[in-house]
file input.txt (compact mmCIF, C-alpha atoms)
# COMPACT_ATOMS: atom_id res chain seq x y z
CA MET A 2 17.74 39.89 -24.39
CA THR A 3 16.34 39.97 -20.84
CA VAL A 4 12.61 40.22 -20.35
CA ASP A 5 10.99 42.09 -17.47
CA LYS A 6 10.06 39.59 -14.75
CA GLY A 7 6.55 41.05 -14.71
CA TYR A 8 5.85 39.94 -18.28
CA LEU A 9 7.09 36.45 -17.52
CA ALA A 10 5.16 36.10 -14.26
CA GLY A 11 1.92 37.05 -16.00
CA SER A 12 2.46 34.55 -18.82
CA ALA A 13 3.80 31.61 -16.79
CA SER A 14 0.56 29.59 -16.91
CA LEU A 15 0.16 30.18 -20.64
CA LEU A 16 3.75 29.11 -21.33
CA VAL A 17 3.61 25.97 -19.18
CA LEU A 18 0.21 24.86 -20.51
CA SER A 19 1.41 25.46 -24.10
CA LEU A 20 4.42 23.22 -23.55
CA LEU A 21 2.36 20.48 -21.89
CA GLU A 22 -0.20 20.59 -24.69
CA LYS A 23 2.36 18.84 -26.90
CA GLU A 24 3.44 16.09 -24.47
CA ASP A 25 3.85 15.15 -20.81
CA GLN A 26 7.01 16.60 -19.31
CA TYR A 27 8.92 16.83 -16.04
CA GLY A 28 10.08 20.07 -14.43
CA TYR A 29 13.64 20.28 -15.76
CA GLN A 30 12.46 19.35 -19.23
CA ILE A 31 9.92 22.21 -19.17
CA ILE A 32 12.64 24.69 -18.21
CA ARG A 33 14.95 23.56 -21.00
CA ARG A 34 12.15 23.55 -23.62
CA LEU A 35 11.09 27.03 -22.57
CA GLU A 36 14.64 28.27 -23.10
CA GLU A 37 15.06 26.51 -26.45
CA ARG A 38 11.73 27.53 -27.93
CA SER A 39 12.02 31.14 -26.79
CA ARG A 40 15.64 31.28 -27.96
CA LYS A 41 16.69 32.05 -24.42
CA VAL A 42 14.36 35.08 -24.14
CA PHE A 43 12.56 33.21 -21.35
CA SER A 44 15.16 32.19 -18.84
CA LEU A 45 13.68 32.14 -15.37
CA GLN A 46 14.87 31.16 -11.93
CA GLU A 47 14.24 27.43 -12.31
CA GLY A 48 12.85 26.92 -8.82
CA THR A 49 10.00 29.35 -9.56
CA LEU A 50 8.56 26.85 -12.04
CA TYR A 51 7.33 24.60 -9.24
CA PRO A 52 4.91 27.06 -7.60
CA VAL A 53 3.42 27.53 -11.09
CA LEU A 54 3.11 23.78 -11.64
CA HIS A 55 1.58 23.21 -8.21
CA LYS A 56 -0.88 26.06 -8.74
CA LEU A 57 -1.97 24.61 -12.08
CA GLU A 58 -2.33 21.20 -10.48
CA ASN A 59 -4.41 22.57 -7.59
CA LYS A 60 -6.73 24.16 -10.15
CA GLY A 61 -7.06 20.88 -12.04
CA TYR A 62 -5.46 22.14 -15.24
CA ILE A 63 -2.65 19.61 -15.03
CA THR A 64 -2.15 16.32 -13.27
CA SER A 65 1.03 14.53 -12.19
CA TYR A 66 2.39 11.01 -12.02
CA GLU A 67 5.71 9.39 -11.27
CA GLN A 68 7.85 7.41 -13.66
CA GLN A 69 11.27 5.90 -13.28
CA ALA A 70 14.08 7.93 -14.89
CA PRO A 71 17.03 6.20 -16.66
CA THR A 72 19.10 6.90 -13.52
CA GLY A 73 16.71 4.76 -11.52
CA ARG A 74 15.13 7.47 -9.37
CA MET A 75 11.48 8.42 -9.66
CA ARG A 76 10.67 11.50 -11.72
CA LYS A 77 7.44 13.51 -11.52
CA TYR A 78 5.79 14.12 -14.87
CA TYR A 79 3.00 16.56 -15.59
CA ARG A 80 0.14 16.14 -18.02
CA ILE A 81 -2.44 18.66 -19.19
CA THR A 82 -6.07 17.83 -18.41
CA PRO A 83 -9.17 18.55 -20.55
CA GLU A 84 -9.88 21.50 -18.24
CA GLY A 85 -6.30 22.63 -18.81
CA LEU A 86 -6.78 22.53 -22.58
CA GLN A 87 -9.87 24.70 -22.21
CA GLN A 88 -7.97 27.10 -19.99
CA LEU A 89 -5.16 27.23 -22.55
CA VAL A 90 -7.61 28.29 -25.26
CA GLU A 91 -8.89 31.06 -22.96
CA GLU A 92 -5.40 32.26 -22.09
CA LYS A 93 -4.29 32.27 -25.73
CA LYS A 94 -7.33 34.39 -26.58
CA ARG A 95 -6.57 36.83 -23.77
CA PHE A 96 -2.91 37.02 -24.80
CA GLU A 97 -3.81 37.72 -28.43
CA GLU A 98 -6.17 40.48 -27.35
CA PHE A 99 -3.47 41.99 -25.14
CA ALA A 100 -0.75 41.69 -27.79
CA GLY A 101 -3.09 43.14 -30.43
CA ALA A 102 -3.92 46.12 -28.22
CA VAL A 103 -0.24 46.76 -27.53
CA ARG A 104 0.52 46.61 -31.25
CA GLN A 105 -2.30 49.05 -31.96
CA VAL A 106 -0.96 51.53 -29.44
CA MET A 107 2.61 51.11 -30.67
CA GLY A 108 1.46 51.47 -34.29
CA GLY A 109 -0.01 54.95 -33.61
CA GLY A 110 3.10 56.12 -31.66
CA LEU A 111 5.24 59.30 -32.17
CA CYS A 112 8.29 57.44 -33.47
CA GLU A 113 6.20 55.91 -36.21
CA THR A 114 4.29 58.99 -37.39
CA GLY A 115 7.11 61.54 -36.87
CA ALA A 116 4.51 64.08 -35.71
CA PHE A 117 7.09 66.03 -33.69
CA MET B 17 28.48 17.11 9.73
CA LYS B 18 28.99 19.75 7.03
CA GLN B 19 25.83 20.39 5.03
CA GLU B 20 25.99 20.35 1.25
CA PRO B 21 25.12 23.70 -0.43
CA PHE B 22 22.04 22.20 -2.06
CA GLU B 23 20.81 20.84 1.28
CA LYS B 24 21.19 24.30 2.83
CA TRP B 25 19.34 25.83 -0.10
CA LEU B 26 16.53 23.30 0.22
CA GLU B 27 16.24 23.89 3.95
CA ARG B 28 15.76 27.60 3.32
CA VAL B 29 12.99 26.85 0.77
CA LEU B 30 11.17 24.38 3.01
CA HIS B 31 11.38 26.70 6.00
CA LYS B 32 8.89 28.95 4.20
CA VAL B 33 6.42 26.10 3.50
CA HIS B 34 4.29 26.01 6.63
CA TYR B 35 2.29 22.88 5.79
CA ARG B 36 4.83 20.27 6.93
CA PRO B 37 3.16 17.14 5.46
CA ASP B 38 3.82 18.49 1.93
CA ARG B 39 7.51 19.21 2.54
CA PRO B 40 8.90 15.72 1.71
CA ALA B 41 7.23 15.67 -1.74
CA ILE B 42 8.45 19.21 -2.50
CA ALA B 43 11.96 18.26 -1.37
CA ARG B 44 12.01 15.18 -3.63
CA GLU B 45 10.91 17.21 -6.65
CA LEU B 46 13.47 19.98 -6.12
CA GLN B 47 16.21 17.43 -5.42
CA GLY B 48 15.31 15.74 -8.70
CA HIS B 49 15.49 19.05 -10.55
CA PHE B 50 18.89 19.82 -9.05
CA GLU B 51 20.22 16.39 -10.07
CA ASP B 52 18.90 16.89 -13.61
CA GLY B 53 20.73 20.23 -13.69
CA VAL B 54 23.99 18.65 -12.53
CA GLU B 55 23.61 15.99 -15.23
CA PHE B 56 22.98 18.68 -17.88
CA TYR B 57 26.24 20.49 -17.07
CA ARG B 58 28.13 17.20 -16.82
CA GLU B 59 27.14 16.52 -20.42
CA GLU B 60 28.40 20.01 -21.33
CA GLY B 61 31.81 18.84 -20.09
CA LEU B 62 32.10 20.82 -16.87
CA GLU B 63 33.92 19.64 -13.74
CA GLU B 64 31.72 18.02 -11.08
CA GLU B 65 32.05 20.93 -8.61
CA GLN B 66 31.18 23.45 -11.34
CA CYS B 67 28.16 21.37 -12.37
CA ARG B 68 26.81 21.50 -8.83
CA GLU B 69 27.48 25.24 -8.44
CA LYS B 70 25.79 26.17 -11.74
CA ALA B 71 22.83 23.85 -11.15
CA LEU B 72 22.30 25.42 -7.72
CA LEU B 73 22.61 28.96 -9.09
CA ASP B 74 20.03 28.15 -11.77
CA LEU B 75 17.50 27.19 -9.11
CA GLY B 76 17.24 30.75 -7.84
CA GLU B 77 16.65 32.52 -4.56
CA PRO B 78 15.34 30.02 -1.97
CA GLU B 79 13.21 32.23 0.32
CA GLY B 80 11.24 33.69 -2.60
CA ILE B 81 10.60 30.24 -4.03
CA GLY B 82 9.58 28.98 -0.61
CA LYS B 83 7.05 31.81 -0.17
CA LEU B 84 5.55 31.12 -3.60
CA LEU B 85 5.30 27.40 -2.80
CA ASN B 86 3.70 28.18 0.55
CA ARG B 87 0.82 29.91 -1.29
CA GLU B 88 0.05 26.64 -3.09
CA HIS B 89 0.36 24.42 -0.01
CA SER B 90 -2.02 26.09 2.39
CA PRO B 91 -1.79 24.84 5.98
CA VAL B 92 -5.41 25.86 6.58
CA LEU B 93 -6.65 23.70 3.71
CA GLY B 94 -4.15 20.93 4.42
CA TYR B 95 -4.77 20.54 8.16
CA GLY B 96 -8.48 21.15 7.65
CA LEU B 97 -8.70 18.28 5.18
CA MET B 98 -6.74 16.05 7.56
CA ALA B 99 -9.19 16.85 10.37
CA VAL B 100 -12.19 16.06 8.12
CA ASN B 101 -10.63 12.74 7.05
CA LEU B 102 -9.91 11.82 10.67
CA LEU B 103 -13.47 12.66 11.72
CA ALA B 104 -14.91 10.63 8.85
CA ALA B 105 -12.72 7.66 9.81
CA LEU B 106 -13.76 7.91 13.47
CA LEU B 107 -17.43 7.95 12.50
CA LEU B 108 -17.04 5.21 9.93
CA ILE B 109 -15.45 2.67 12.27
CA PRO B 110 -18.46 2.28 14.60
CA ALA B 111 -20.79 2.37 11.59
CA LEU B 112 -18.86 -0.46 9.93
CA LEU B 113 -18.81 -2.45 13.18
CA ALA B 114 -22.58 -2.05 13.51
CA LEU B 115 -23.11 -3.07 9.89
CA GLY B 116 -20.86 -6.09 10.31
CA SER B 117 -22.70 -7.13 13.43
CA ALA B 118 -26.09 -6.75 11.70
CA CYS B 119 -24.89 -8.78 8.71
CA TYR B 120 -23.56 -11.51 10.98
CA GLU B 121 -26.83 -11.59 12.89
CA GLY B 122 -28.77 -11.65 9.60
CA ILE B 123 -26.70 -14.53 8.27
CA SER B 124 -27.02 -16.47 11.53
CA GLN B 125 -30.79 -15.96 11.44
CA TYR B 126 -30.91 -17.01 7.80
CA GLN B 127 -29.00 -20.18 8.48
CA ARG B 128 -31.49 -21.27 11.18
CA TRP B 129 -34.28 -21.46 8.63
CA MET B 130 -32.45 -22.88 5.65
CA PRO B 131 -32.60 -26.66 5.08
CA GLN B 132 -28.95 -27.08 4.16
CA TYR B 133 -27.92 -25.57 7.47
CA LYS B 134 -30.77 -26.84 9.62
CA LEU B 135 -30.29 -30.52 8.76
CA GLU B 136 -26.63 -30.61 7.80
CA GLY B 137 -25.31 -34.14 8.26
CA VAL B 138 -28.70 -35.63 9.20
CA PRO B 139 -29.48 -38.83 7.21
CA LEU B 140 -32.59 -38.35 5.07
CA ALA B 141 -35.23 -40.81 3.89
CA TRP B 142 -36.23 -38.47 1.08
CA GLU B 143 -36.21 -34.85 0.00
CA GLN B 144 -38.12 -32.82 -2.58
CA GLU B 145 -37.58 -29.43 -4.13
CA LEU B 146 -40.85 -27.53 -4.01
CA GLY B 147 -41.86 -24.44 -5.87
CA GLU B 148 -45.38 -24.25 -4.60
CA GLY B 149 -46.95 -21.05 -3.43
CA VAL B 150 -50.26 -20.18 -1.88
CA TRP B 151 -52.00 -16.96 -0.89
CA VAL B 152 -53.71 -17.13 2.43
CA ASP B 153 -55.47 -13.82 3.06
CA SER B 154 -52.75 -11.17 2.98
CA THR B 155 -49.86 -13.61 3.25
CA TYR B 156 -48.04 -15.34 0.44
CA LEU B 157 -46.38 -18.59 1.42
CA ARG B 158 -43.84 -20.11 -0.91
CA TYR B 159 -42.75 -23.61 -0.03
CA THR B 160 -39.19 -24.26 -1.05
CA LYS B 161 -38.24 -27.72 0.17
CA ALA B 162 -39.62 -30.79 1.95
CA LEU B 163 -37.42 -33.36 3.71
CA CYS B 164 -38.04 -36.43 5.76
CA THR B 165 -35.30 -37.79 8.00
CA GLU B 166 -34.68 -41.47 8.51
CA GLU B 167 -36.10 -40.96 11.98
CA GLY B 168 -39.46 -39.92 10.51
CA GLU B 169 -39.25 -36.16 11.04
CA LEU B 170 -40.90 -34.21 8.23
CA TYR B 171 -39.76 -30.67 7.57
CA VAL B 172 -41.43 -28.35 5.12
CA PHE B 173 -39.46 -25.14 4.55
CA TYR B 174 -41.10 -21.95 3.41
CA MET B 175 -40.72 -18.28 2.85
CA LYS B 176 -43.51 -15.99 3.95
CA CYS B 177 -44.31 -12.60 2.55
CA THR B 178 -46.96 -10.43 4.15
CA LEU B 179 -48.47 -7.37 2.48
CA PRO B 180 -47.49 -4.04 4.04
CA GLY B 181 -49.84 -3.09 6.82
CA PHE B 182 -50.72 -6.69 7.48
CA ILE B 183 -47.85 -7.86 9.62
CA GLU B 184 -49.28 -10.77 11.51
CA GLN B 185 -48.59 -14.37 12.40
CA ALA B 186 -48.31 -16.66 9.37
CA PRO B 187 -51.40 -18.75 8.92
CA VAL B 188 -50.96 -22.09 10.64
CA ALA B 189 -51.15 -25.14 8.42
CA GLN B 190 -52.10 -28.64 9.35
CA VAL B 191 -50.14 -31.45 7.77
CA ALA B 192 -52.06 -34.40 6.45
CA ASP B 193 -51.08 -37.40 4.38
CA ALA B 194 -52.64 -38.26 1.02
CA GLU B 195 -55.61 -39.90 2.77
CA GLY B 196 -56.29 -36.80 4.81
CA GLU B 197 -54.98 -38.06 8.14
CA VAL B 198 -53.69 -35.11 10.13
CA TYR B 199 -50.41 -35.34 11.96
CA PRO B 200 -49.34 -33.32 14.99
CA MET B 201 -46.92 -30.62 13.94
CA GLN B 202 -44.98 -27.61 15.11
CA ARG B 203 -44.19 -24.43 13.27
CA ALA B 204 -41.13 -22.33 13.65
CA SER B 205 -40.32 -19.18 11.78
CA GLY B 206 -38.18 -16.12 11.92
CA GLN B 207 -39.15 -12.69 13.17
CA ASN B 208 -42.61 -11.35 12.51
CA SER B 209 -41.71 -9.15 9.60
CA PRO B 210 -42.98 -8.70 6.04
CA VAL B 211 -40.51 -11.29 4.75
CA ALA B 212 -39.50 -14.20 6.92
CA PHE B 213 -38.35 -17.79 6.63
CA GLY B 214 -39.59 -20.76 8.56
CA TYR B 215 -40.46 -24.44 8.55
CA ILE B 216 -43.21 -26.79 9.61
CA GLN B 217 -42.04 -29.81 11.55
CA VAL B 218 -43.93 -33.06 11.93
CA PRO B 219 -42.15 -35.22 14.54
CA GLU B 220 -43.52 -38.53 13.35
CA TYR B 221 -44.33 -38.90 9.68
CA PRO B 222 -44.19 -42.19 7.75
CA THR B 223 -40.87 -42.28 5.94
CA ASP B 224 -42.32 -44.15 2.98
CA GLU B 225 -45.01 -41.51 2.49
CA GLU B 226 -43.64 -38.88 0.12
CA SER B 227 -46.92 -37.06 -0.40
CA PHE B 228 -48.53 -34.68 2.04
CA GLN B 229 -51.08 -31.92 2.21
CA LEU B 230 -50.96 -28.61 3.94
CA LEU B 231 -54.39 -27.54 5.13
CA TYR B 232 -55.23 -23.99 6.11
CA VAL B 233 -58.41 -22.92 7.79
CA ARG B 234 -58.57 -19.20 8.11
CA SER B 235 -61.27 -16.62 8.05
CA HIS B 236 -63.77 -19.45 7.58
CA ARG B 237 -62.09 -20.53 4.36
CA SER B 238 -60.03 -23.61 3.60
CA TYR B 239 -56.84 -23.79 1.58
CA ARG B 240 -55.14 -26.96 0.59
CA LEU B 241 -51.71 -27.50 -0.89
CA GLU B 242 -50.98 -30.96 -2.18
CA VAL B 243 -47.40 -32.01 -2.59
CA GLY B 244 -46.86 -35.24 -4.47
CA ALA B 245 -43.79 -37.39 -4.91
call {"tool": "encode", "arguments": {"input": "input.txt", "output": "structure tokens"}}
result
Amino acid sequence: MTVDKGYLAGSASLLVLSLLEKEDQYGYQIIRRLEERSRKVFSLQEGTLYPVLHKLENKGYITSYEQQAPTGRMRKYYRITPEGLQQLVEEKKRFEEFAGAVRQVMGGGLCETGAF
Amino acid sequence: MKQEPFEKWLERVLHKVHYRPDRPAIARELQGHFEDGVEFYREEGLEEEQCREKALLDLGEPEGIGKLLNREHSPVLGYGLMAVNLLAALLLIPALLALGSACYEGISQYQRWMPQYKLEGVPLAWEQELGEGVWVDSTYLRYTKALCTEEGELYVFYMKCTLPGFIEQAPVAQVADAEGEVYPMQRASGQNSPVAFGYIQVPEYPTDEESFQLLYVRSHRSYRLEVGA
């Protein structure tokens, strides 16, 4: 199932912060986890992850550090900050409100009631 | 030399990032992602060329990614911050030089009035640690050390502290032995400031006489400090 890019773009921060809440991760790892946990519903152009990560870092919601990968090269890991955790709570709240409102509207729809 | 497809892709991304100082870090991160992708497909059992093609395809459209990255790496902010740092460094250097010079001057001054520096290497007949203090009008004099060289020069080191608003010459003491005989002396001290260091020097003092008195006559009052062996 392909998801409209608009939905994904609006939820990118929420998705990334949710993944980093569990553990520190590097870019490719985030992409793969996103695919696995969404059962491939969320499958984005991988390069577009980095503007999201850099935006979150500029805002102080995540921080980065380098660590040596098994191959020997340096890999950049990201970690959620306390401010990021707070932001995640806010975004989850907003998402729940949005999803709830959508469900309400869909619940009172024509297909459901058979009014026509 | 023929450019690799990934290198061409990366060039197209970086071309859209206007703040050049951030380009190397972005390039390293995207290169790392590409290599992770190639490794992923290698483990899936694909041929090397296929791994590279799929990993590159997964990255997405370069110009769009570059434009999005450019939003997060603002040249205005970046170059502005560089200019502020440069200005701060330029202002700091003369400030540090001035501070260093003042510290050096302060240390040099300090060393002139401290016994261990003043009489370094000079053979002594005797020396005493003093902890005596005396108030003379608005000045507190704390005597720290007395020394007598083998040549008969007596030095009495002190620190002077004058109350604010009363910056004036330290009261002049006369040096006398235990019997009250006064000896010619000289006084030397640092700058005329609320806190200063100095010493009294008696050119010819009996080397076997370890006691002395400091006599002050000021404002029609007498002060006497006796220092015994």
call {"tool": "closest_atom_pairs", "arguments": {"input": "input.txt", "of": "chain A", "to": "chain B", "cutoff": "7 Å", "atoms": "all atoms listed in the file", "output": "Markdown table"}}
result
| residue | atom | partner | partner_atom | distance |
| --- | --- | --- | --- | --- |
| A:Gly28 | CA | B:His49 | CA | 6.7 |
| A:Tyr29 | CA | B:His49 | CA | 5.7 |
| A:Gln46 | CA | B:Gly76 | CA | 4.7 |
| A:Glu47 | CA | B:Leu75 | CA | 4.6 |
| A:Gly48 | CA | B:Leu75 | CA | 4.7 |
| A:Thr49 | CA | B:Ile81 | CA | 5.6 |
| A:Pro52 | CA | B:Leu85 | CA | 4.8 |
| A:His55 | CA | B:Glu88 | CA | 6.3 |
| A:Lys56 | CA | B:Glu88 | CA | 5.8 |
| A:Arg76 | CA | B:Gly48 | CA | 7.0 |
call {"tool": "residues_around", "arguments": {"input": "input.txt", "residues": "Glu22 (chain A)", "least_positions_apart": "2", "cutoff": "9 Å", "atoms": "all atoms listed in the file", "output": "JSON, numbers by chain"}}
result
{"A": [17, 18, 19, 20, 24, 25, 80, 81, 85, 86, 89]}
call {"tool": "atom_distance", "arguments": {"input": "input.txt", "atom1": "CA of Ile216 (chain B)", "atom2": "CA of Gln190 (chain B)"}}
result
9.1 Å
call {"tool": "atom_distance", "arguments": {"input": "input.txt", "atom1": "CA of Gly73 (chain A)", "atom2": "CA of Glu55 (chain B)"}}
result
13.7 Å
call {"tool": "atom_distance", "arguments": {"input": "input.txt", "atom1": "CA of Thr82 (chain A)", "atom2": "CA of Arg33 (chain A)"}}
result
21.9 Å
call {"tool": "residues_around", "arguments": {"input": "input.txt", "residues": "Pro40 (chain B)", "least_positions_apart": "6", "cutoff": "12 Å", "atoms": "only C-alpha atoms", "output": "PDB file with C-alpha atoms, keeping the file's coordinate frame"}}
result
ATOM      1  CA  LEU B  26      16.530  23.300   0.220  1.00  0.00           C
ATOM      2  CA  GLU B  27      16.240  23.890   3.950  1.00  0.00           C
ATOM      3  CA  VAL B  29      12.990  26.850   0.770  1.00  0.00           C
ATOM      4  CA  LEU B  30      11.170  24.380   3.010  1.00  0.00           C
ATOM      5  CA  VAL B  33       6.420  26.100   3.500  1.00  0.00           C
ATOM      6  CA  LEU B  46      13.470  19.980  -6.120  1.00  0.00           C
ATOM      7  CA  GLN B  47      16.210  17.430  -5.420  1.00  0.00           C
TER       8      GLN B  47
END
call {"tool": "closest_residue", "arguments": {"input": "input.txt", "among": "A:Phe96, A:Glu37, A:Leu50, A:Pro83", "to": "Thr64 (chain A)", "atoms": "only C-alpha atoms"}}
result
A:Pro83
call {"tool": "build_atoms", "arguments": {"input": "input.txt", "residues": "region 21-36 of chain A", "atoms": "N, CA and C atoms", "output": "PDB file, in the frame of the given file"}}
result
ATOM      1  N   LEU A  21       2.945  21.781 -22.258  1.00  0.00           N
ATOM      2  CA  LEU A  21       2.360  20.480 -21.890  1.00  0.00           C
ATOM      3  C   LEU A  21       1.284  20.022 -22.865  1.00  0.00           C
ATOM      4  N   GLU A  22       0.807  20.962 -23.684  1.00  0.00           N
ATOM      5  CA  GLU A  22      -0.200  20.590 -24.690  1.00  0.00           C
ATOM      6  C   GLU A  22       0.402  19.564 -25.659  1.00  0.00           C
ATOM      7  N   LYS A  23       1.703  19.717 -25.922  1.00  0.00           N
ATOM      8  CA  LYS A  23       2.360  18.840 -26.900  1.00  0.00           C
ATOM      9  C   LYS A  23       2.601  17.447 -26.312  1.00  0.00           C
ATOM     10  N   GLU A  24       3.124  17.383 -25.091  1.00  0.00           N
ATOM     11  CA  GLU A  24       3.440  16.090 -24.470  1.00  0.00           C
ATOM     12  C   GLU A  24       3.648  16.264 -22.965  1.00  0.00           C
ATOM     13  N   ASP A  25       3.571  15.146 -22.252  1.00  0.00           N
ATOM     14  CA  ASP A  25       3.850  15.150 -20.810  1.00  0.00           C
ATOM     15  C   ASP A  25       5.326  15.470 -20.603  1.00  0.00           C
ATOM     16  N   GLN A  26       5.601  16.254 -19.561  1.00  0.00           N
ATOM     17  CA  GLN A  26       7.010  16.600 -19.310  1.00  0.00           C
ATOM     18  C   GLN A  26       7.272  16.712 -17.814  1.00  0.00           C
ATOM     19  N   TYR A  27       8.545  16.609 -17.437  1.00  0.00           N
ATOM     20  CA  TYR A  27       8.920  16.830 -16.040  1.00  0.00           C
ATOM     21  C   TYR A  27       9.527  18.223 -15.927  1.00  0.00           C
ATOM     22  N   GLY A  28       9.706  18.685 -14.702  1.00  0.00           N
ATOM     23  CA  GLY A  28      10.080  20.070 -14.430  1.00  0.00           C
ATOM     24  C   GLY A  28      11.313  20.555 -15.196  1.00  0.00           C
ATOM     25  N   TYR A  29      12.402  19.826 -15.112  1.00  0.00           N
ATOM     26  CA  TYR A  29      13.640  20.280 -15.760  1.00  0.00           C
ATOM     27  C   TYR A  29      13.484  20.337 -17.277  1.00  0.00           C
ATOM     28  N   GLN A  30      12.740  19.400 -17.793  1.00  0.00           N
ATOM     29  CA  GLN A  30      12.460  19.350 -19.230  1.00  0.00           C
ATOM     30  C   GLN A  30      11.689  20.597 -19.667  1.00  0.00           C
ATOM     31  N   ILE A  31      10.718  21.014 -18.859  1.00  0.00           N
ATOM     32  CA  ILE A  31       9.920  22.210 -19.170  1.00  0.00           C
ATOM     33  C   ILE A  31      10.816  23.434 -19.226  1.00  0.00           C
ATOM     34  N   ILE A  32      11.722  23.553 -18.261  1.00  0.00           N
ATOM     35  CA  ILE A  32      12.640  24.690 -18.210  1.00  0.00           C
ATOM     36  C   ILE A  32      13.500  24.747 -19.473  1.00  0.00           C
ATOM     37  N   ARG A  33      14.058  23.618 -19.831  1.00  0.00           N
ATOM     38  CA  ARG A  33      14.950  23.560 -21.000  1.00  0.00           C
ATOM     39  C   ARG A  33      14.185  23.864 -22.295  1.00  0.00           C
ATOM     40  N   ARG A  34      12.966  23.324 -22.412  1.00  0.00           N
ATOM     41  CA  ARG A  34      12.150  23.550 -23.620  1.00  0.00           C
ATOM     42  C   ARG A  34      11.765  25.019 -23.745  1.00  0.00           C
ATOM     43  N   LEU A  35      11.457  25.614 -22.605  1.00  0.00           N
ATOM     44  CA  LEU A  35      11.090  27.030 -22.570  1.00  0.00           C
ATOM     45  C   LEU A  35      12.246  27.884 -23.092  1.00  0.00           C
ATOM     46  N   GLU A  36      13.436  27.541 -22.663  1.00  0.00           N
ATOM     47  CA  GLU A  36      14.640  28.270 -23.100  1.00  0.00           C
ATOM     48  C   GLU A  36      14.869  28.074 -24.582  1.00  0.00           C
TER      49      GLU A  36
END
